Amino acid sequence: NAGVTQTPKFQVLKTGQSMTLQCAQDMNHNSMYWYRQDPGMGLRLIYYSASEGTTDKGEVPNGYNVSRLNKREFSLRLESAAPSQTSVYFCASSASGEGTQYFGPGTRLTVL
Amino acid sequence: QKEVEQNSGPLSVPEGAIASLNCTYSDRGSQSFFWYRQYSGKSPELIMSIYSNGDKEDGRFTAQLNKASQYVSLLIRDSQPSDSATYLCAFKGGAGGSNYKLTFGKGTLLTVNP
């Protein structure tokens, strides 16, 4: 089992460019999450999907959109990247909102 | 507003000592509490969960929960250099909150010196 996979691992964008971060899990989990982690700020929830077909905003949704493509995949899109979106992005999944969340390896994004 | 406060680090302990990590939360309705460990450059992983008042032990780790005082702590006995990491506390549930998401603290960096 691969668990939670994320692509890409690293990305450098210029201000105004767009990109999509991909996340997939093979644990048959219903719930999936996108976080960002900045130095001194801990993990902050961007969006989550409690189950296939639903998505909800988290703490810091501005500038992002998400798509729950199917039960396995949950993508995060930056339509017009800004330097403030420079961060490490983690995808996670859990079985129907269980507190045990399994995290992917992360994507390190730099916006110039 | 839900908040989680962790004791400011970094925390440095000698090998073999007890490391004590503390966390307070503001939402009295919170039901479930978790400790995640994150090694530098890696993703977080769950090490302990606790739901009831009192202590819960798992090997060298003990989680303590006191809902009346709104704090949760993690004790690491016989600390090892391999325990050096950032420890994140998190809670789930609470008044008006979704039962599907966690709220994380900012983390405490622990260094265990050989």
# chains A, B, ... in the order shown; residues from 1 in each chain; ligands from 1
$ residues_around --residues "B:Leu88" --least-positions-apart "2" --cutoff "10 Å" --atoms "only C-alpha atoms" --output "PyMOL selection string"
(chain A and resi 42-43) or (chain B and resi 4+6+21-23+34-38+44-46+85-86+90+104-109)
$ residues_around --residues "A:Ala81" --least-positions-apart "6" --cutoff "6 Å" --atoms "only C-alpha atoms" --output "list in words"
Thr15, Gly16, Gln17 and Ser18 of chain A
$ interface_residues --of "chain A" --to "chain B" --cutoff "12 Å" --atoms "only C-alpha atoms" --output "ChimeraX atom specification"
/A:4-6,9,30-51,54-59,88-108
$ closest_residue --among "B:Tyr51, B:Tyr71, B:Phe61, B:Tyr39" --to "B:Tyr25" --atoms "only C-alpha atoms"
B:Tyr71
$ atom_distance --atom1 "atom CA of B:Glu15" --atom2 "atom CA of B:Thr111"
9.4 Å
$ select_by_dssp --residues "stretch 4-104 of chain B" --states "strand (DSSP E)" --output "ChimeraX atom specification"
/B:4-6,11-14,19-25,30-38,45-50,54-58,61-66,71-76,85-93,102-104
$ atom_distance --atom1 "atom CA of B:Ser79" --atom2 "atom CA of B:Ser8"
18.9 Å
$ decode --residues "stretch 98-111 of chain B" --atoms "all heavy atoms" --output "compact mmCIF listing (two decimals), in the first residue's frame"
# COMPACT_ATOMS: atom_id res chain seq x y z
N SER B 98 -17.12 21.18 13.14
CA SER B 98 -17.28 19.96 12.38
C SER B 98 -16.58 18.81 13.08
O SER B 98 -15.50 18.97 13.64
CB SER B 98 -16.69 20.13 10.98
OG SER B 98 -16.57 18.88 10.34
N ASN B 99 -17.20 17.66 13.04
CA ASN B 99 -16.58 16.48 13.63
C ASN B 99 -15.63 15.82 12.65
O ASN B 99 -15.10 14.75 12.94
CB ASN B 99 -17.67 15.50 14.05
CG ASN B 99 -17.25 14.72 15.27
OD1 ASN B 99 -16.54 15.22 16.12
ND2 ASN B 99 -17.71 13.49 15.36
N TYR B 100 -15.41 16.45 11.49
CA TYR B 100 -14.56 15.85 10.47
C TYR B 100 -13.18 16.46 10.40
O TYR B 100 -12.37 16.02 9.62
CB TYR B 100 -15.24 15.98 9.09
CG TYR B 100 -16.39 15.03 8.91
CD1 TYR B 100 -17.68 15.42 9.21
CD2 TYR B 100 -16.17 13.74 8.45
CE1 TYR B 100 -18.73 14.54 9.07
CE2 TYR B 100 -17.22 12.86 8.29
CZ TYR B 100 -18.50 13.26 8.60
OH TYR B 100 -19.55 12.39 8.45
N LYS B 101 -12.91 17.50 11.17
CA LYS B 101 -11.60 18.13 11.03
C LYS B 101 -10.91 18.31 12.36
O LYS B 101 -11.54 18.34 13.42
CB LYS B 101 -11.74 19.48 10.33
CG LYS B 101 -12.68 20.45 11.01
CD LYS B 101 -12.78 21.74 10.21
CE LYS B 101 -13.66 22.73 10.95
NZ LYS B 101 -13.74 24.03 10.22
N LEU B 102 -9.59 18.39 12.29
CA LEU B 102 -8.75 18.61 13.45
C LEU B 102 -8.28 20.06 13.49
O LEU B 102 -8.07 20.67 12.45
CB LEU B 102 -7.51 17.70 13.39
CG LEU B 102 -7.72 16.19 13.46
CD1 LEU B 102 -6.37 15.49 13.33
CD2 LEU B 102 -8.38 15.81 14.77
N THR B 103 -8.10 20.56 14.70
CA THR B 103 -7.45 21.85 14.89
C THR B 103 -6.12 21.58 15.55
O THR B 103 -6.06 20.95 16.60
CB THR B 103 -8.30 22.78 15.78
OG1 THR B 103 -9.57 22.98 15.17
CG2 THR B 103 -7.60 24.12 15.97
N PHE B 104 -5.04 22.03 14.92
CA PHE B 104 -3.69 21.76 15.39
C PHE B 104 -3.10 22.94 16.12
O PHE B 104 -3.35 24.11 15.79
CB PHE B 104 -2.77 21.44 14.20
CG PHE B 104 -2.94 20.07 13.63
CD1 PHE B 104 -3.88 19.82 12.65
CD2 PHE B 104 -2.16 19.01 14.08
CE1 PHE B 104 -4.04 18.56 12.11
CE2 PHE B 104 -2.30 17.74 13.55
CZ PHE B 104 -3.25 17.51 12.56
N GLY B 105 -2.26 22.65 17.12
CA GLY B 105 -1.42 23.66 17.72
C GLY B 105 -0.22 23.91 16.82
O GLY B 105 -0.03 23.25 15.80
N LYS B 106 0.60 24.88 17.23
CA LYS B 106 1.73 25.26 16.39
C LYS B 106 2.93 24.33 16.56
O LYS B 106 3.88 24.39 15.79
CB LYS B 106 2.14 26.70 16.69
CG LYS B 106 1.06 27.70 16.29
CD LYS B 106 1.48 29.13 16.58
CE LYS B 106 0.35 30.08 16.16
NZ LYS B 106 0.70 31.50 16.43
N GLY B 107 2.88 23.49 17.57
CA GLY B 107 3.94 22.52 17.74
C GLY B 107 5.02 22.95 18.72
O GLY B 107 5.26 24.15 18.91
N THR B 108 5.64 21.97 19.35
CA THR B 108 6.78 22.20 20.24
C THR B 108 7.94 21.37 19.73
O THR B 108 7.81 20.15 19.55
CB THR B 108 6.47 21.80 21.69
OG1 THR B 108 5.37 22.58 22.17
CG2 THR B 108 7.69 22.02 22.58
N LEU B 109 9.07 22.03 19.49
CA LEU B 109 10.27 21.32 19.03
C LEU B 109 11.00 20.73 20.22
O LEU B 109 11.35 21.44 21.17
CB LEU B 109 11.19 22.27 18.28
CG LEU B 109 12.54 21.70 17.82
CD1 LEU B 109 12.33 20.55 16.84
CD2 LEU B 109 13.41 22.78 17.21
N LEU B 110 11.18 19.43 20.21
CA LEU B 110 11.89 18.72 21.28
C LEU B 110 13.25 18.25 20.75
O LEU B 110 13.32 17.65 19.68
CB LEU B 110 11.09 17.52 21.76
CG LEU B 110 11.81 16.55 22.71
CD1 LEU B 110 12.09 17.23 24.05
CD2 LEU B 110 10.99 15.28 22.92
N THR B 111 14.29 18.53 21.51
CA THR B 111 15.62 18.02 21.20
C THR B 111 16.10 17.19 22.38
O THR B 111 16.08 17.67 23.52
CB THR B 111 16.62 19.16 20.94
OG1 THR B 111 16.16 19.95 19.85
CG2 THR B 111 17.99 18.60 20.60
